[in-house]
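Colleague: The structure under discussion is supplied below as structure tokens; questions concerning it will follow.
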Amino acid sequence: MALTGLEIYKHLPKENCKECGVPTCLAFAMKVAAGQAGLDDCPRLSDQARAQLGEASAPPQRLVKIGADPNAIQVGQETALFRHDDKFHHPTAVALRISDAEDEPALRQRCQAFRKLQFLRVGVTIHPDMIALADESGSPDKMQAAAEVIYNELGVPMVLMSDKIEALSAAAMGPLNGSRPVLYCTGQAGADELADLAQRTSSPVCVAGELQAAADTVEALAAKGVRDVLISRGAAPAREALAFATQSRRAALNKKFRPLGCPILAVACGEDKTAAALDACAHVAKYAAVLVCDAWPPHLLVPILTTRQNVYSDPQKPVQVEAKLYDVGETSADSPLLVTTNFSLSYYSVESEVEASRIPCRILAVDTEGTSVLTAWAADKFNPETIAAALKAAGVEEKVAHRQLVIPGHVAVIAASLAEECGWKVLVGPKEASGIGPYLKNDYKMA
Amino acid sequence: MSSLPDVKEKWTGKVNTVVIGATPEEGGTRTSTVTIGGAETLPFLSFEGAVGRRPAIAAEVWDSGGEAWPEVLRQAYGEALSSPGEWAKKAVEFGVDLICLRLMGAHPDSGDRSPQQCAQTVKEVLAAVGVPLIIWGCGVDEKDNQILPAASAAAKGENCLMGTAREKNYRTIVAVCLADKHKLIAESPLDINIAKQVNILCSDAGFPVGDIVIFPTTGALGYGIEYVYSIQERGRLAALRGDKLLGQPVICDVGFEAWRAKEAKAPPFEGVTDETRPYWGVMWEAATALVLLQAGAELVVMRHPDAIQYVRKAVDRFMPADEEKS
């Protein structure tokens with residue numbers, strides 16, 4: 001049975017030491033009760049209390065740390081099936097697959113390519129997180145050598161995939177010693193072998209199979225003290241992988257069924273790389289904590305990373321930029337002034353079009369609590385008063401020599417009253433950000 | 001070893017089925033009809049209940065203005081873009097279940113075509129293809145109220161899906177859909193309460209809720225899809241929990257939104273080559289569809305033939321292997 005926050009609180013040191021990262025012991029207890037923190041985060045908990053609280057207070061889905069600091073990634077400890085109930089906490093770790101059968105120059109080329117896979121979207125750089133090294137050579141020596149090349153080049157957390165315990169062991173014990181790769185045995189392996197492997201390498205393991213088989217193995221591993229475990233349906237068809245992900249997450253969160261309270265590793269590989277990349281997007285939406293894929297070409301990878309960026313955003317908190325005056329390019333006192341909201345999508349849409357136009361501009365992001373132009377206008381947060389106040393607050397008058405501003409075409413109706421409110425000349429810009437370039441080049445005129 | 005807990009939900013509601021199109025026996029001239037909806041569980045979860053009909057794909061066709069579409073799309077359709085009939089024919093060759101005829105040219109700012117012209121285009125498309133039709137207005141209330149009656153009359157008896165009815169503008173379209181026996185798209189701006197409200201309004205005006213398809217507004221991948229995703233999931237959960245006013249199948253305007261994204265038209269990243277540039281739009285469109293299908297989408301309106309193919313194959317991978325073919 002799950003414990004309440006107060007029941008947990010009784011057993012805590014009540015020193016409010018903050019070492020767990022939470023201001024008070026009570027707040028920490030509440031987080032533990034909500035499944036958002038584990039007792040292990042409390043460094044001062046007595047052994048007696050730990051034993052008493054024990055399993056009952058563990059989050060329904062375990063948090064698993066992959067890799068070594070400072071590049072370590074944490075996955076799992078999700079608390080909801082739907083993001084409108086609670087945000088998804090730990091974004092899917094995306095692993096790109098490399099075959100250990102490639103020769104060393106090819107491996108180094110892969111690493112070089114991996115480093116370039118950085119994409120700036122709405123002010124955030126999105127990128128793959130891990131390398132999944134697949135044993136296709138059949139040789140533990142080759143696996144070990146490939147792991148060494150990649151880890152030394154990139155230092156990112158890794159997934160090691162092989163149907164042979166020896167290959168996993170060779171790679172994890174040698175060059176990757178201490179780096180906590182995920183050891184994913186894709187073949188038949190008993191719980192004893194896996195437990196031994198996990199303990200010798202101090203690494204998380206991934207258990208593959210159907211639900212019951214996965215649960216049995218997880219339980220057997222737990223009995224041997226191995227708890228950092230991921231579960232996978234392997235390379236099963238998409239419909240089965242979705243059923244597996246949904247059922248295991250429901251079992252863990254709704255039924256507190258410990259043997260399936262593990263983060264999910266999804267595999268989206270296959271002959272048809274485009275189809276696999278599309279399946280990967282679905283996996284990101286439906287519960288993959290780690291995704292192994294072949295989406296090396298940017299046009300396959302960026303949709304997956306963008307799906308993650310979107311699905312894992314906090315639904316309670318609109319993504320916003322600081323409400324202030326931004327300079328884009330080498331602005332002068334005569335540069336055009338564009339007004340938009342501080343909803344990050346609105347702001348960055350405008351910013352990127354201005355950048356592309358190569359015409360330096362100032363952008364005033366008005367505080368609309370992170371809502372878009374039309375939504376903010378409808379909610380009366382983007383109106384002549386708020387815009388005029390933002391102009392003043394940002395001290396725009398001192399920075400520009402002219403007295404004219406451009407508003408989004410969608411709010412053309414406020415042009416006259418805004419002009420009256422702030423005394424500036426108000427120009428109506430295009431409705432869509434994509435029209436900003438042509439507008440600046442062809443239509444914008446200085447009074 | 002512990003036995004697995006039963007994680008099946010006991011849903012009390014289901015998604016309505018809606019048939020679009022009418023064959024000669026049914027009073028129309030279509031060579032096929034499309035049935036959507038019927039799910040008694042969340043998308044593709046066949047372990048739990050009936051997943052319903054496979055999601056259908058419609059190709060978007062404009063009455064005019066297609067020449068201004070992004071270059072990758074222009075290459076796919078070629079000269080057919082200047083003739084709605086030819087365009088629709090080509091789309092059917094690409095393997096879609098329906099045509100979504102969007103009367104963009106009626107928009108006062110982009111052609112201001114007359115009701116008669118719109119009716120003519122509807123007839124042209126009906127004559128060109130045998131698949132069922134979605135007819136979508138230009139989005140301007142006053143103009144829609146002029147063109148939709150004419151378009152509806154031109155397709156009388158064809159059992160089209162007509163759109164859209166909105167909170168502030170639904171009476172005219174409800175009346176013509178009732179008179180000419182069409183199905184109806186009810187539009188709401190990413191708001192579950194307004195989605196319900198529009199259904200109530202249409203129902204109060206005499207339109208059967210069982211003949212409605214919901215359009216909860218679509219956003220592209222990277223451009224607000226998370227809002228759409230959660231609205232669709234909330235709506236679907238409400239439907240499965242028995243809310244009959246949200247039990248309608250959902251239509252998503254995927255192509256229109258995805259091809260507005262700059263990642264689709266002109267990806268702003270280093271390393272994009274002339275060779276790979278065309279694939280970005282295809283992927284952006286297909287990925288947008290895939291994500292929305294996971295949140296419950298019965299009908300996706302799309303553009304690029306390759307994206308259409310990829311989504312069709314993806315649906316095959318997610319639907320139960322032994323699904324009934326409709």
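We name chains A, B, ... following the order of the structure tokens; residues begin at 1 in each chain, and ligands are numbered from 1 as shown.
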So which residues touch A:Asp41 within 12 Å, counting only C-alpha atoms, skipping near sequence neighbours fewer than 4 positions away, as a list of chain:residue names?

Modeller: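 Close residues of A:Asp41: A:Leu12, A:Lys18, A:Glu19, A:Cys20, A:Gly21, A:Val22, A:Cys25, A:Phe28, A:Ala29, A:Lys31, A:Val32, A:Gln36, A:Ala37, A:Leu45, A:Arg50, A:Ala58, A:Pro59, A:Leu63.
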
Colleague: Using only C-alpha atoms, I'd like every residue of chain A that has an atom within 7 Å of chain B; please write them out as a list in words.

Modeller: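 Every residue of chain A that passes the 7 Å test is in Arg83, His84, Phe119, Gln212, Asp216, Pro237, Ala238, Arg239, Ala243, Gln247, Arg250, Ala251, Lys255, Ala275, Leu278, Cys281, Ala282, Ala285, His299, Leu300, Pro303, Thr306, Thr307, Asn310, Val311 and Leu345 of chain A.
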
Colleague: Using only C-alpha atoms for the distances, tell me which of B:Val92, B:Gly13, B:Ile147, B:Ile308 is nearest to B:Ala50.

Modeller: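 Between B:Val92, B:Gly13, B:Ile147, B:Ile308, the residue approaching B:Ala50 most closely is B:Gly13.
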
Colleague: Identify which of the residues B:Met162, B:Ala39, B:Ala56, B:Ala179 lies closest to B:Leu148, counting only C-alpha atoms when measuring atom-to-atom distances.

Modeller: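 Ranked by minimum distance to B:Leu148, first place goes to B:Met162.
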
Colleague: Going by DSSP on the backbone, which residues of stretch 116-203 of chain A come out as strand (DSSP E)? List them as a list in words.

Modeller: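 Output for stretch 116-203 of chain A, strand (DSSP E) only: Phe119, Leu120, Arg121, Val124, Thr125, Ile126, Met130, Ile131, Ala132, Leu133, Ala134, Met158, Val159, Leu160, Met161, Ser162, Val182, Leu183, Tyr184 and Cys185 of chain A.
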
Colleague: Those residues with C-alpha atoms, as a short mmCIF file (atom, residue, chain, number, x, y, z; two decimals), in the first residue's frame please?

Modeller:
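Contents of the output file part-v9.cif:
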```cif
data_model
loop_
_atom_site.label_atom_id
_atom_site.label_comp_id
_atom_site.auth_asym_id
_atom_site.auth_seq_id
_atom_site.Cartn_x
_atom_site.Cartn_y
_atom_site.Cartn_z
CA PHE A 119 19.50 21.52 -33.64
CA LEU A 120 18.31 24.84 -32.27
CA ARG A 121 14.52 24.95 -32.00
CA VAL A 124 16.55 25.17 -27.08
CA THR A 125 19.22 22.90 -28.56
CA ILE A 126 17.82 19.43 -29.12
CA MET A 130 23.22 8.21 -26.26
CA ILE A 131 24.83 5.65 -28.51
CA ALA A 132 23.46 2.12 -28.72
CA LEU A 133 26.25 -0.23 -29.72
CA ALA A 134 24.84 -3.37 -31.33
CA MET A 158 25.62 4.01 -23.89
CA VAL A 159 23.36 1.05 -24.46
CA LEU A 160 25.18 -2.20 -25.19
CA MET A 161 23.07 -4.69 -27.14
CA SER A 162 24.07 -8.29 -27.64
CA VAL A 182 22.55 -0.13 -20.14
CA LEU A 183 23.31 -3.81 -20.66
CA TYR A 184 20.63 -5.10 -22.96
CA CYS A 185 20.78 -8.84 -23.48
#
```

Colleague: Can you tell me, as a list in words, what residues are no more than 7 Å from A:Ala33 when counting only C-alpha atoms, ignoring any on the same chain fewer than 4 positions away?

Modeller: Leu3, Thr4, Gly5, Ala29 and Ser57 of chain A

Colleague: With C-alpha atoms retained, write the just-selected residues as a short mmCIF file (atom, residue, chain, number, x, y, z; two decimals), in the first residue's frame.

Modeller:
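The resulting file, selection05.cif, is reproduced below:
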```cif
data_model
loop_
_atom_site.label_atom_id
_atom_site.label_comp_id
_atom_site.auth_asym_id
_atom_site.auth_seq_id
_atom_site.Cartn_x
_atom_site.Cartn_y
_atom_site.Cartn_z
CA LEU A 3 1.89 5.66 2.26
CA THR A 4 0.58 9.17 2.76
CA GLY A 5 2.93 12.10 3.03
CA ALA A 29 7.61 13.51 2.35
CA SER A 57 7.35 4.36 -0.14
#
```

Colleague: Return as a PyMOL selection string the full set of residues in stretch 138-197 of chain B whose backbone-based DSSP assignment is helix (DSSP H, G or I).

Modeller: chain B and resi 141-154+171-180+192-197

Colleague: Those same residues, written as a short mmCIF file (atom, residue, chain, number, x, y, z; two decimals), in the first residue's frame with N, CA and C atoms?

Modeller:
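The resulting file, result.cif, is reproduced below:
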```cif
data_model
loop_
_atom_site.label_atom_id
_atom_site.label_comp_id
_atom_site.auth_asym_id
_atom_site.auth_seq_id
_atom_site.Cartn_x
_atom_site.Cartn_y
_atom_site.Cartn_z
N ASP B 141 -16.98 33.57 -41.67
CA ASP B 141 -18.39 33.26 -41.37
C ASP B 141 -19.36 33.66 -42.48
N GLU B 142 -19.34 34.95 -42.83
CA GLU B 142 -20.34 35.45 -43.79
C GLU B 142 -20.22 34.74 -45.13
N LYS B 143 -18.96 34.57 -45.55
CA LYS B 143 -18.76 33.95 -46.86
C LYS B 143 -19.15 32.48 -46.84
N ASP B 144 -18.80 31.80 -45.75
CA ASP B 144 -19.18 30.39 -45.65
C ASP B 144 -20.70 30.23 -45.72
N ASN B 145 -21.41 31.17 -45.12
CA ASN B 145 -22.87 31.08 -45.13
C ASN B 145 -23.46 31.28 -46.52
N GLN B 146 -22.65 31.86 -47.43
CA GLN B 146 -23.10 31.97 -48.83
C GLN B 146 -22.70 30.75 -49.65
N ILE B 147 -21.45 30.32 -49.48
CA ILE B 147 -20.96 29.26 -50.38
C ILE B 147 -21.38 27.86 -49.95
N LEU B 148 -21.49 27.62 -48.64
CA LEU B 148 -21.76 26.24 -48.22
C LEU B 148 -23.14 25.76 -48.65
N PRO B 149 -24.19 26.61 -48.61
CA PRO B 149 -25.48 26.13 -49.13
C PRO B 149 -25.38 25.72 -50.60
N ALA B 150 -24.65 26.50 -51.40
CA ALA B 150 -24.53 26.18 -52.82
C ALA B 150 -23.72 24.90 -53.01
N ALA B 151 -22.63 24.77 -52.24
CA ALA B 151 -21.79 23.57 -52.35
C ALA B 151 -22.57 22.34 -51.91
N SER B 152 -23.32 22.51 -50.84
CA SER B 152 -24.11 21.40 -50.29
C SER B 152 -25.16 20.93 -51.29
N ALA B 153 -25.86 21.89 -51.90
CA ALA B 153 -26.91 21.55 -52.86
C ALA B 153 -26.30 20.83 -54.07
N ALA B 154 -25.11 21.25 -54.47
CA ALA B 154 -24.46 20.63 -55.63
C ALA B 154 -24.09 19.18 -55.34
N ARG B 171 -25.74 27.85 -37.69
CA ARG B 171 -27.12 27.62 -38.10
C ARG B 171 -27.27 27.28 -39.58
N THR B 172 -26.57 28.05 -40.42
CA THR B 172 -26.72 27.84 -41.86
C THR B 172 -26.24 26.45 -42.26
N ILE B 173 -25.05 26.10 -41.80
CA ILE B 173 -24.48 24.81 -42.23
C ILE B 173 -25.30 23.64 -41.67
N VAL B 174 -25.80 23.80 -40.45
CA VAL B 174 -26.63 22.74 -39.89
C VAL B 174 -27.88 22.56 -40.76
N ALA B 175 -28.48 23.67 -41.15
CA ALA B 175 -29.71 23.60 -41.95
C ALA B 175 -29.46 22.92 -43.30
N VAL B 176 -28.35 23.31 -43.97
CA VAL B 176 -28.14 22.73 -45.30
C VAL B 176 -27.72 21.26 -45.20
N CYS B 177 -26.98 20.91 -44.17
CA CYS B 177 -26.59 19.50 -44.01
C CYS B 177 -27.80 18.62 -43.74
N LEU B 178 -28.75 19.18 -42.96
CA LEU B 178 -29.98 18.44 -42.71
C LEU B 178 -30.78 18.28 -44.00
N ALA B 179 -30.89 19.38 -44.75
CA ALA B 179 -31.71 19.38 -45.96
C ALA B 179 -31.12 18.47 -47.03
N ASP B 180 -29.79 18.52 -47.18
CA ASP B 180 -29.16 17.77 -48.28
C ASP B 180 -28.54 16.46 -47.81
N ILE B 192 -12.05 21.89 -24.84
CA ILE B 192 -12.93 20.74 -24.76
C ILE B 192 -14.36 21.16 -24.43
N ASN B 193 -14.49 22.23 -23.64
CA ASN B 193 -15.83 22.68 -23.28
C ASN B 193 -16.55 23.29 -24.48
N ILE B 194 -15.78 24.01 -25.31
CA ILE B 194 -16.40 24.57 -26.51
C ILE B 194 -16.71 23.45 -27.50
N ALA B 195 -15.88 22.43 -27.56
CA ALA B 195 -16.16 21.28 -28.44
C ALA B 195 -17.53 20.71 -28.08
N LYS B 196 -17.75 20.58 -26.79
CA LYS B 196 -19.03 20.05 -26.32
C LYS B 196 -20.17 21.01 -26.64
N GLN B 197 -19.87 22.29 -26.40
CA GLN B 197 -20.88 23.33 -26.60
C GLN B 197 -21.34 23.36 -28.06
#
```

Colleague: Which residues are near A:Glu210? Cut-off 9 Å, only C-alpha atoms, ignore same chain within fewer than 5 positions. Put them as a list in words.

Modeller: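 Contacts, with the query itself left out: Ala215, Ser232, Arg233 and Phe244 of chain A.
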
Colleague: Can those selected residues be exported to a file as a PDB file, in the first residue's frame so that it contains C-alpha atoms?

Modeller:
```pdb
ATOM      1  CA  ALA A 215       7.968  -9.249 -14.753  1.00  0.00           C
ATOM      2  CA  SER A 232      11.650  -3.898 -23.313  1.00  0.00           C
ATOM      3  CA  ARG A 233       9.408  -5.617 -25.821  1.00  0.00           C
ATOM      4  CA  PHE A 244       3.435  -3.620 -23.747  1.00  0.00           C
TER       5      PHE A 244
END
```

Colleague: State, in Å with one decimal place, the distance from atom CA of B:Ala127 to atom CA of B:Glu86.

Modeller: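 Taking atom CA of B:Ala127 and atom CA of B:Glu86, their separation equals 10.4 Å.
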
Colleague: Find the spatial neighbours of stretch 139-143 of chain A, counting only C-alpha atoms, within a cut-off of 9 Å - ignore same-chain residues fewer than 5 positions away - and output them as a PyMOL selection string.

Modeller: chain A and resi 99-101+133-134+148+160+164+166-171

Colleague: Show which residues sit within 8 Å of A:His410, as a count of residues only. Count only C-alpha atoms, and ignore same-chain residues fewer than 2 positions away.

Modeller: 6

Colleague: Report as an NGL selection string all protein, DNA and RNA residues lying within 7 Å of A:Val366, evaluated on only C-alpha atoms, omitting residues in the same chain fewer than 2 positions from it.

Modeller: :A and (323-324 or 340-342 or 364 or 368 or 387 or 390)

Colleague: Enter the distance from atom CA of B:Leu184 to atom CA of B:Val213, in Å, rounded to one decimal.

Modeller: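 Atom-to-atom, atom CA of B:Leu184 and atom CA of B:Val213 are spaced 6.2 Å apart.
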